[in-house]
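Source file entry-v8.csv; content: CSV, C-alpha atoms.
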chain,number,residue,atom,x,y,z
E,1,MET,CA,35.5,165.7,87.8
E,2,THR,CA,35.1,168.5,90.3
E,3,ASP,CA,38.0,169.9,92.2
E,4,PRO,CA,37.5,172.7,94.7
E,5,GLU,CA,40.4,174.4,93.0
E,6,PHE,CA,38.5,174.8,89.7
E,7,GLU,CA,36.8,177.8,91.1
E,8,LEU,CA,40.1,179.5,91.9
E,9,ILE,CA,41.3,178.6,88.4
E,10,ASP,CA,38.2,180.2,86.9
E,11,ARG,CA,38.9,183.4,88.8
E,12,ILE,CA,42.5,183.4,87.5
E,13,LEU,CA,41.4,182.7,84.0
E,14,ALA,CA,39.0,185.6,84.3
E,15,GLY,CA,42.0,187.9,84.9
E,16,ASN,CA,42.5,187.9,88.6
E,17,GLN,CA,46.2,187.1,88.6
E,18,ALA,CA,46.6,187.6,92.4
E,19,VAL,CA,44.5,184.5,93.1
E,20,TYR,CA,47.3,182.4,91.7
E,21,ALA,CA,49.3,183.2,94.8
E,22,GLU,CA,46.8,181.0,96.8
E,23,LEU,CA,47.3,178.1,94.5
E,24,VAL,CA,51.1,178.5,94.7
E,25,ASP,CA,50.9,178.6,98.6
E,26,ARG,CA,48.8,175.4,98.6
E,27,HIS,CA,51.1,173.4,96.4
E,28,LYS,CA,54.6,174.9,96.8
E,29,SER,CA,55.8,172.3,99.4
E,30,TYR,CA,54.9,169.3,97.3
E,31,ALA,CA,56.1,171.0,94.1
E,32,PHE,CA,59.4,171.8,95.8
E,33,THR,CA,59.7,168.4,97.3
E,34,ILE,CA,59.2,166.7,94.0
E,35,ALA,CA,61.8,168.9,92.3
E,36,TYR,CA,64.2,168.4,95.2
E,37,LYS,CA,63.9,164.6,95.1
E,38,ILE,CA,64.9,164.8,91.4
E,39,LEU,CA,67.6,167.5,91.6
E,40,GLU,CA,68.9,166.9,95.1
E,41,ASN,CA,69.9,170.5,95.3
E,42,ARG,CA,67.8,173.1,97.1
E,43,SER,CA,68.7,176.0,94.8
E,44,GLU,CA,68.1,174.2,91.6
E,45,ALA,CA,64.9,172.7,93.0
E,46,GLU,CA,63.7,176.1,94.0
E,47,GLU,CA,64.4,177.5,90.5
E,48,ALA,CA,62.8,174.5,88.8
E,49,ALA,CA,59.7,174.6,91.0
E,50,GLN,CA,59.2,178.3,90.4
E,51,ASP,CA,59.6,177.9,86.6
E,52,ALA,CA,57.0,175.1,86.7
E,53,PHE,CA,54.5,177.3,88.5
E,54,ILE,CA,55.1,180.0,86.0
E,55,LYS,CA,54.7,177.6,83.1
E,56,ALA,CA,51.5,176.2,84.7
E,57,TYR,CA,50.1,179.7,85.0
E,58,HIS,CA,50.7,180.5,81.3
E,59,HIS,CA,49.2,177.1,80.3
E,60,LEU,CA,46.3,177.2,82.7
E,61,LYS,CA,43.8,177.6,79.9
E,62,ASN,CA,45.0,174.3,78.5
E,63,PHE,CA,44.2,172.4,81.7
E,64,LYS,CA,41.5,169.9,80.7
E,65,ARG,CA,40.1,169.4,84.2
E,66,ASP,CA,39.8,165.6,83.7
E,67,ALA,CA,42.3,165.2,86.6
E,68,LYS,CA,43.0,167.1,89.8
E,69,PHE,CA,44.8,170.4,89.3
E,70,SER,CA,47.6,169.2,91.7
E,71,THR,CA,48.3,166.1,89.5
E,72,TRP,CA,48.5,168.3,86.4
E,73,LEU,CA,50.8,170.8,88.2
E,74,TYR,CA,53.1,168.2,89.7
E,75,ARG,CA,53.5,166.6,86.3
E,76,ILE,CA,54.8,170.0,85.0
E,77,VAL,CA,57.1,170.2,88.1
E,78,PHE,CA,58.3,166.7,87.4
E,79,ASN,CA,59.0,167.4,83.7
E,80,THR,CA,60.6,170.7,84.4
E,81,ALA,CA,62.9,169.2,87.1
E,82,VAL,CA,63.9,166.3,84.8
E,83,SER,CA,64.7,168.8,82.1
E,84,TYR,CA,66.7,170.9,84.5
E,85,LYS,CA,68.6,167.8,85.6
E,86,ARG,CA,69.5,167.0,81.9
E,87,LYS,CA,70.4,170.6,81.1
E,88,HIS,CA,72.3,171.5,84.2
E,89,LYS,CA,73.6,168.1,85.1
E,90,VAL,CA,73.6,169.4,88.7
E,91,LYS,CA,77.1,170.5,89.4
E,92,PHE,CA,77.1,170.3,93.2
E,93,GLN,CA,75.4,168.5,96.0
E,94,ASP,CA,74.1,169.8,99.3
E,95,ILE,CA,76.1,168.8,102.2
E,96,GLU,CA,73.3,166.7,103.7
E,97,THR,CA,73.0,164.6,100.7
E,98,THR,CA,76.6,164.1,99.9
E,99,VAL,CA,77.4,160.4,99.6
E,100,VAL,CA,79.8,159.3,102.3
E,101,GLU,CA,81.6,156.1,101.2
E,102,TYR,CA,81.3,153.2,103.7
E,103,GLY,CA,84.3,153.2,106.0
E,104,GLN,CA,84.9,156.9,105.6
E,105,GLU,CA,83.4,157.7,108.9
E,106,ALA,CA,85.6,157.7,111.9
E,107,GLU,CA,83.8,155.3,114.2
E,108,GLY,CA,80.6,153.6,115.3
E,109,ILE,CA,79.4,153.2,111.7
E,110,LEU,CA,75.7,152.7,112.3
E,111,GLU,CA,74.1,154.0,115.4
E,112,ARG,CA,70.4,154.0,115.6
E,113,SER,CA,70.2,157.7,115.2
E,114,ASP,CA,72.2,157.4,111.9
E,115,LYS,CA,69.6,155.1,110.5
E,116,LYS,CA,67.9,157.8,108.5
E,117,LYS,CA,71.2,159.1,107.2
E,118,TYR,CA,72.3,155.7,106.0
E,119,ILE,CA,69.0,155.0,104.4
E,120,GLN,CA,69.3,158.3,102.6
E,121,GLN,CA,72.7,157.2,101.4
E,122,ALA,CA,71.3,153.9,100.2
E,123,MET,CA,68.6,155.9,98.5
E,124,ASN,CA,71.3,157.7,96.5
E,125,LYS,CA,72.3,154.4,95.1
E,126,LEU,CA,68.9,153.8,93.5
E,127,ASN,CA,68.2,154.9,90.0
E,128,GLU,CA,66.3,158.1,89.5
E,129,ALA,CA,63.0,156.6,88.7
E,130,ASP,CA,63.0,154.2,91.6
E,131,LYS,CA,64.1,156.9,94.0
E,132,LEU,CA,61.3,159.2,92.9
E,133,ALA,CA,58.7,156.5,92.9
E,134,ILE,CA,59.5,155.5,96.5
E,135,SER,CA,59.8,159.1,97.7
E,136,LEU,CA,56.4,160.1,96.3
E,137,PHE,CA,54.8,156.8,97.5
E,138,TYR,CA,55.9,157.4,101.1
E,139,LEU,CA,54.9,161.0,101.1
E,140,GLU,CA,51.4,159.4,101.4
E,141,GLU,CA,49.8,162.2,99.5
E,142,PHE,CA,49.7,160.4,96.2
E,143,SER,CA,48.0,157.2,95.1
E,144,LEU,CA,49.8,154.9,92.7
E,145,GLU,CA,47.6,156.2,89.9
E,146,GLU,CA,48.5,159.8,90.7
E,147,ILE,CA,52.3,159.0,90.8
E,148,ALA,CA,51.8,157.2,87.5
E,149,GLU,CA,50.1,160.3,86.1
E,150,ILE,CA,52.8,162.6,87.4
E,151,THR,CA,55.7,160.6,86.2
E,152,GLY,CA,54.2,159.3,83.0
E,153,MET,CA,54.7,155.7,84.0
E,154,GLN,CA,52.2,152.8,84.4
E,155,ALA,CA,50.8,152.3,87.9
E,156,ASN,CA,52.1,148.7,87.8
E,157,THR,CA,55.5,149.9,86.9
E,158,ILE,CA,55.5,152.3,89.9
E,159,LYS,CA,54.3,149.5,92.2
E,160,ALA,CA,57.1,147.3,91.0
E,161,ARG,CA,59.7,150.1,91.4
E,162,VAL,CA,58.6,150.8,94.9
E,163,HIS,CA,58.7,147.1,95.7
E,164,ARG,CA,62.2,146.7,94.2
E,165,ALA,CA,63.4,149.9,95.9
E,166,ARG,CA,62.4,148.7,99.3
E,167,GLN,CA,64.2,145.4,98.7
E,168,ARG,CA,67.4,147.2,97.5
E,169,LEU,CA,67.3,149.6,100.5
E,170,ALA,CA,66.9,146.7,102.9
E,171,GLU,CA,69.8,145.0,101.2
E,172,GLU,CA,72.0,148.1,101.5
E,173,LEU,CA,71.1,148.5,105.1
E,174,THR,CA,71.9,144.8,105.9
E,175,ILE,CA,75.3,145.3,104.4
E,176,LEU,CA,75.8,148.4,106.6
E,177,LEU,CA,74.7,146.5,109.6
E,178,LYS,CA,77.1,143.7,108.8
E,179,LYS,CA,80.0,146.2,108.4
E,180,GLU,CA,79.1,147.8,111.7
E,181,ALA,CA,79.2,144.4,113.4
E,182,LEU,CA,82.6,143.7,111.9
E,183,THR,CA,84.0,147.0,113.3
E,184,LEU,CA,82.8,146.2,116.9
B,14,MET,CA,72.2,138.2,101.1
B,15,LYS,CA,72.4,135.2,98.8
B,16,ASN,CA,70.4,132.7,100.9
B,17,ILE,CA,67.2,134.7,100.7
B,18,SER,CA,65.1,133.9,97.6
B,19,LYS,CA,63.1,136.5,95.7
B,20,GLN,CA,59.9,134.8,96.8
B,21,GLN,CA,61.0,135.1,100.5
B,22,GLU,CA,61.8,138.8,100.0
B,23,ASP,CA,58.4,139.3,98.5
B,24,ASN,CA,56.8,137.5,101.3
B,25,LEU,CA,58.6,139.6,103.9
B,26,ILE,CA,57.4,142.8,102.3
B,27,ALA,CA,53.8,141.4,102.1
B,28,TYR,CA,54.2,140.3,105.8
B,29,LEU,CA,55.2,143.8,106.8
B,30,ASP,CA,52.4,145.3,104.7
B,31,GLY,CA,49.9,142.9,106.3
B,32,THR,CA,48.7,141.7,102.9
B,33,LEU,CA,49.3,137.9,103.5
B,34,THR,CA,46.5,135.4,104.1
B,35,PRO,CA,46.5,133.9,107.6
B,36,ALA,CA,48.0,130.7,106.3
B,37,ALA,CA,50.8,132.4,104.4
B,38,LYS,CA,51.5,134.6,107.4
B,39,GLU,CA,51.9,131.6,109.6
B,40,ARG,CA,54.3,130.0,107.0
B,41,VAL,CA,56.4,133.2,106.9
B,42,GLU,CA,56.5,133.3,110.7
B,43,GLN,CA,57.7,129.7,110.8
B,44,GLU,CA,60.4,130.5,108.3
B,45,LEU,CA,61.4,133.6,110.3
B,46,ALA,CA,61.7,131.5,113.5
B,47,ASN,CA,64.2,129.2,111.8
B,48,SER,CA,66.3,131.7,109.8
B,49,PRO,CA,68.4,134.4,111.4
B,50,ALA,CA,69.2,135.7,107.9
B,51,LEU,CA,65.4,136.3,107.3
B,52,GLN,CA,65.1,137.9,110.7
B,53,GLN,CA,67.9,140.2,109.9
B,54,ARG,CA,66.3,141.1,106.6
B,55,LEU,CA,63.0,141.7,108.2
B,56,VAL,CA,64.6,144.1,110.7
B,57,ALA,CA,66.2,146.0,107.8
B,58,LEU,CA,62.9,146.2,105.9
B,59,GLN,CA,61.2,147.4,109.0
B,60,ASN,CA,63.8,150.1,109.4
B,61,VAL,CA,63.5,151.1,105.8
B,62,THR,CA,59.7,151.3,106.0
B,63,GLN,CA,59.9,153.3,109.3
B,64,VAL,CA,62.3,155.8,107.9
B,65,LEU,CA,60.5,156.2,104.6
B,66,LYS,CA,57.2,156.7,106.4
B,67,SER,CA,58.7,159.5,108.3
B,68,THR,CA,59.6,161.3,105.1
B,69,THR,CA,58.6,164.9,105.5
B,70,LEU,CA,57.9,167.6,103.0
B,71,GLU,CA,60.7,169.9,102.0
B,72,GLN,CA,59.9,173.5,102.5
B,73,PRO,CA,60.9,176.1,99.9
B,74,SER,CA,62.2,179.6,100.8
B,75,LYS,CA,59.9,182.1,102.5
B,76,ASN,CA,59.7,184.3,99.4
B,77,PHE,CA,58.9,181.4,97.0
B,78,THR,CA,55.3,182.6,96.2
B,79,GLN,CA,56.4,186.2,95.8
B,80,ARG,CA,59.1,185.1,93.3
B,81,VAL,CA,56.6,183.1,91.3
B,82,MET,CA,54.2,186.0,91.2
B,83,ASN,CA,57.0,188.4,90.2
B,84,GLY,CA,58.0,185.9,87.4
B,85,LEU,CA,54.5,185.6,85.9
B,86,ASP,CA,54.8,188.6,83.6
B,87,GLN,CA,58.4,187.8,82.6
B,88,TYR,CA,57.5,184.5,80.9
B,89,PRO,CA,58.9,183.4,78.5
B,90,LEU,CA,61.8,185.9,78.9
B,91,ARG,CA,63.3,183.7,81.6
B,92,SER,CA,64.1,180.9,79.1
B,93,GLY,CA,66.5,183.2,77.1
B,94,LEU,CA,70.2,182.8,76.8
B,95,SER,CA,71.9,180.2,78.9
B,96,LEU,CA,75.0,181.2,80.9
B,97,LYS,CA,77.3,179.3,78.6
B,98,ASN,CA,75.9,180.9,75.5
B,99,GLY,CA,75.8,184.3,77.1
B,100,ILE,CA,79.5,184.0,77.9
B,101,LEU,CA,80.3,182.9,74.4
B,102,LEU,CA,78.3,185.7,72.9
B,103,LEU,CA,80.0,188.2,75.2
B,104,VAL,CA,83.4,187.0,74.2
B,105,GLY,CA,82.5,187.1,70.5
B,106,VAL,CA,81.2,190.7,70.9
B,107,MET,CA,84.3,191.8,72.8
B,108,ILE,CA,86.5,190.2,70.1
B,109,ALA,CA,84.6,192.1,67.4
B,110,VAL,CA,85.0,195.4,69.4
B,111,GLY,CA,88.7,194.7,69.8
B,112,ILE,CA,89.3,194.0,66.1
B,113,GLY,CA,87.2,197.1,65.1
B,114,ALA,CA,89.2,199.3,67.6
B,115,PHE,CA,92.5,197.9,66.3
B,116,LEU,CA,91.6,198.5,62.6
B,117,LEU,CA,90.4,202.0,63.5
B,118,SER,CA,93.6,202.9,65.4
B,119,ALA,CA,95.6,201.5,62.5
B,120,GLY,CA,94.0,204.1,60.2
B,121,VAL,CA,92.3,201.6,57.9
B,122,PHE,CA,89.1,203.7,57.9
B,123,ASP,CA,90.7,207.1,57.8
B,124,SER,CA,90.2,207.9,54.1
B,125,THR,CA,86.7,209.1,53.2
B,126,GLY,CA,85.1,207.3,50.4
B,127,ALA,CA,82.0,208.0,48.3
B,128,ILE,CA,79.3,206.1,46.6
B,129,ASP,CA,78.7,207.4,43.1
B,130,LEU,CA,75.1,206.5,42.2
B,131,ASN,CA,75.8,207.3,38.6
B,132,ASN,CA,78.0,204.3,38.3
B,133,MET,CA,75.3,201.9,39.5
B,134,GLY,CA,73.6,201.6,36.2
B,135,LEU,CA,70.4,203.2,37.4
B,136,GLN,CA,70.8,206.4,35.4
B,137,ASN,CA,70.3,205.1,31.9
B,138,LYS,CA,67.6,202.7,32.7
B,139,TYR,CA,65.2,204.7,34.9
B,140,ILE,CA,66.6,208.2,35.6
B,141,LYS,CA,67.7,210.6,33.0
B,142,GLU,CA,69.2,213.3,35.3
B,143,SER,CA,72.6,213.1,36.9
B,144,LEU,CA,72.6,211.5,40.4
B,145,PRO,CA,74.5,212.9,43.5
B,146,THR,CA,77.6,211.3,45.0
B,147,ILE,CA,77.1,210.2,48.7
B,148,PRO,CA,80.2,210.7,50.9
B,149,VAL,CA,81.0,207.7,53.2
B,150,ASN,CA,82.9,208.3,56.4
B,151,GLY,CA,84.3,204.9,57.3
B,152,LYS,CA,85.7,206.1,60.6
B,153,LEU,CA,82.2,207.4,61.7
B,154,ILE,CA,80.5,204.2,60.7
B,155,MET,CA,83.1,202.0,62.5
B,156,ASN,CA,82.7,204.1,65.6
B,157,ILE,CA,78.9,203.6,65.6
B,158,ILE,CA,79.4,199.9,65.1
B,159,ILE,CA,81.9,199.7,68.0
B,160,MET,CA,79.5,201.7,70.2
B,161,LEU,CA,76.6,199.4,69.3
B,162,ASN,CA,78.7,196.3,70.1
B,163,ILE,CA,79.8,197.8,73.5
B,164,ALA,CA,76.1,198.4,74.3
B,165,LEU,CA,75.2,194.8,73.3
B,166,ALA,CA,78.1,193.5,75.4
B,167,PHE,CA,76.7,195.3,78.5
B,168,LEU,CA,73.3,194.0,77.8
B,169,VAL,CA,74.5,190.4,77.4
B,170,LEU,CA,76.6,190.8,80.6
B,171,ASP,CA,73.6,192.0,82.5
B,172,ARG,CA,70.9,189.6,81.2
B,173,ALA,CA,72.8,186.4,80.6
B,174,ILE,CA,75.5,186.5,83.3
B,175,LEU,CA,75.1,188.9,86.2
B,176,LYS,CA,71.3,188.7,86.6
B,177,PRO,CA,71.1,184.9,86.7
B,178,TRP,CA,74.2,184.8,88.9
B,179,PHE,CA,72.8,187.2,91.5
B,180,GLU,CA,69.4,185.4,91.4
B,181,ARG,CA,71.1,182.1,92.1
B,182,ARG,CA,73.2,183.7,94.9
B,183,THR,CA,70.0,185.1,96.5
B,184,ARG,CA,68.3,181.7,96.3
B,185,MET,CA,71.2,180.0,97.9
B,186,ASN,CA,71.1,182.4,100.8
B,187,PHE,CA,67.4,182.1,101.6
Would you encode the structure as structure tokens?
Amino acid sequence: MTDPEFELIDRILAGNQAVYAELVDRHKSYAFTIAYKILENRSEAEEAAQDAFIKAYHHLKNFKRDAKFSTWLYRIVFNTAVSYKRKHKVKFQDIETTVVEYGQEAEGILERSDKKKYIQQAMNKLNEADKLAISLFYLEEFSLEEIAEITGMQANTIKARVHRARQRLAEELTILLKKEALTL
Amino acid sequence: MKNISKQQEDNLIAYLDGTLTPAAKERVEQELANSPALQQRLVALQNVTQVLKSTTLEQPSKNFTQRVMNGLDQYPLRSGLSLKNGILLLVGVMIAVGIGAFLLSAGVFDSTGAIDLNNMGLQNKYIKESLPTIPVNGKLIMNIIIMLNIALAFLVLDRAILKPWFERRTRMNF
């Protein structure tokens, strides 16, 4: 397998540490997004993603090159974020992801502009694996096989999880729409 | 919604994804025309798909790359003492210092002792000549131990508590 990034990796392995900044710049958004989807906290996600990049740098010589560098890197990000989640048990939530219980809002429960916010709330009700699978799937950067590689799950399992997550989200949204109708 | 079967749900998703055969698509459309519940679920699924497709990448802080590059040479020092263990170690060290200082001020180590090497049984076996007696100043030794503990306490305070705390604060203010 040839990846245009292999050349950069060769230069880094030859001792040119500064070149790694280029790889970090290329992948930091996806790495941070993956960590953020798992940890739901910007500060923790930033720390986990940085740690993952540092780990990847120090294990670069072990990268087998039978997959894309990005897939290998995001797997490290995924594992680091999961281990952060277990270790730190994320103590606080960002305001934008704080779950607001139904009925807690003052009025007009579901306006069209709130759709995104309510789907985000519904997302928070999904289990971790389903949430991550659906988030990565819709970033449209990753194929099912790549998501499977990153998360260590089977591609079929990912497919089933995405399918189930969509159904659950739609179900949650239907309940919200019903509640809205009742308040009108 | 109880009156929608799993098969109908699956069909709705396949309908939205455009993966149904023309005949299956027509069947789903007929079902939709006759079922307000299915129509409602289709709208919900459309909304979900639309919002998920608009998912954007999260951006890390501006100095993210710089922080990674700065951390490259610190590995694996970063994975040292956790905050909890750091606090526990600091408390332990401070208790040891406190006990030492208390015993010192109580005069427990005031008397100067001595180690007589002649009583250690070495003289008869290996050495024929008389060995010296080494004076031991308990107060001095205790003072050194307390000073070392205080230095350790400062080190733990800095590495395991203050540094991670300030790093976290900086990250939260990016």
Contacts between chain E and chain B, please, where a residue of chain B counts if it comes within 6 Å (with only C-alpha atoms); show its shortest atom pair and distance in Å to one decimal, rows by chain and ascending number, as a tab-separated table.
residue	atom	partner	partner_atom	distance
B:Ala57	CA	E:Ala170	CA	5.0
B:Leu58	CA	E:Ala170	CA	5.0
B:Val64	CA	E:Lys116	CA	6.0
B:Leu65	CA	E:Tyr138	CA	5.9
B:Lys66	CA	E:Tyr138	CA	5.5
B:Glu71	CA	E:Thr33	CA	5.0
B:Gln72	CA	E:Ser29	CA	5.3
B:Val81	CA	E:Gln50	CA	5.5
B:Leu85	CA	E:Ile54	CA	5.6
B:Arg184	CA	E:Ser43	CA	5.9
B:Met185	CA	E:Ser43	CA	5.6
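We find atom CA of B:Glu44 and atom CA of B:Asn24 to be spaced 10.5 Å apart.
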Rounded to one decimal in Å, what is the spacing between atom CA of B:Ile159 and atom CA of B:Ile100? 18.7 Å
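Atom pair atom CA of E:Leu126 / atom CA of B:Tyr28: separated by 23.4 Å.
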Test item: residues at most 12 Å from B:Gly111, all atoms listed in the file, excluding those fewer than 2 positions along its chain, as an MDAnalysis selection string: chainID B and resid 104:109 113:118 155:156 158:160 162:163
For those residues, write C-alpha atoms to a file as a PDB file, keeping the file's coordinate frame.
ATOM      1  CA  VAL B 104      83.400 187.000  74.200  1.00  0.00           C
ATOM      2  CA  GLY B 105      82.500 187.100  70.500  1.00  0.00           C
ATOM      3  CA  VAL B 106      81.200 190.700  70.900  1.00  0.00           C
ATOM      4  CA  MET B 107      84.300 191.800  72.800  1.00  0.00           C
ATOM      5  CA  ILE B 108      86.500 190.200  70.100  1.00  0.00           C
ATOM      6  CA  ALA B 109      84.600 192.100  67.400  1.00  0.00           C
ATOM      7  CA  GLY B 113      87.200 197.100  65.100  1.00  0.00           C
ATOM      8  CA  ALA B 114      89.200 199.300  67.600  1.00  0.00           C
ATOM      9  CA  PHE B 115      92.500 197.900  66.300  1.00  0.00           C
ATOM     10  CA  LEU B 116      91.600 198.500  62.600  1.00  0.00           C
ATOM     11  CA  LEU B 117      90.400 202.000  63.500  1.00  0.00           C
ATOM     12  CA  SER B 118      93.600 202.900  65.400  1.00  0.00           C
ATOM     13  CA  MET B 155      83.100 202.000  62.500  1.00  0.00           C
ATOM     14  CA  ASN B 156      82.700 204.100  65.600  1.00  0.00           C
ATOM     15  CA  ILE B 158      79.400 199.900  65.100  1.00  0.00           C
ATOM     16  CA  ILE B 159      81.900 199.700  68.000  1.00  0.00           C
ATOM     17  CA  MET B 160      79.500 201.700  70.200  1.00  0.00           C
ATOM     18  CA  ASN B 162      78.700 196.300  70.100  1.00  0.00           C
ATOM     19  CA  ILE B 163      79.800 197.800  73.500  1.00  0.00           C
TER      20      ILE B 163
END
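All protein, DNA and RNA residues at most 8 Å from (60.6, 168.5, 86.1) are E:Ala35, E:Ile38, E:Ala48, E:Ala49, E:Ala52, E:Arg75, E:Ile76, E:Val77, E:Phe78, E:Asn79, E:Thr80, E:Ala81, E:Val82, E:Ser83, E:Tyr84, using all atoms listed in the file.
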Env of B:Leu170: 12 Å cut, atoms = all atoms listed in the file, seq-sep filter 6 positions within chain, self excluded. Answer as an MDAnalysis selection string. chainID B and resid 94:104 106:107 163:164 176:178
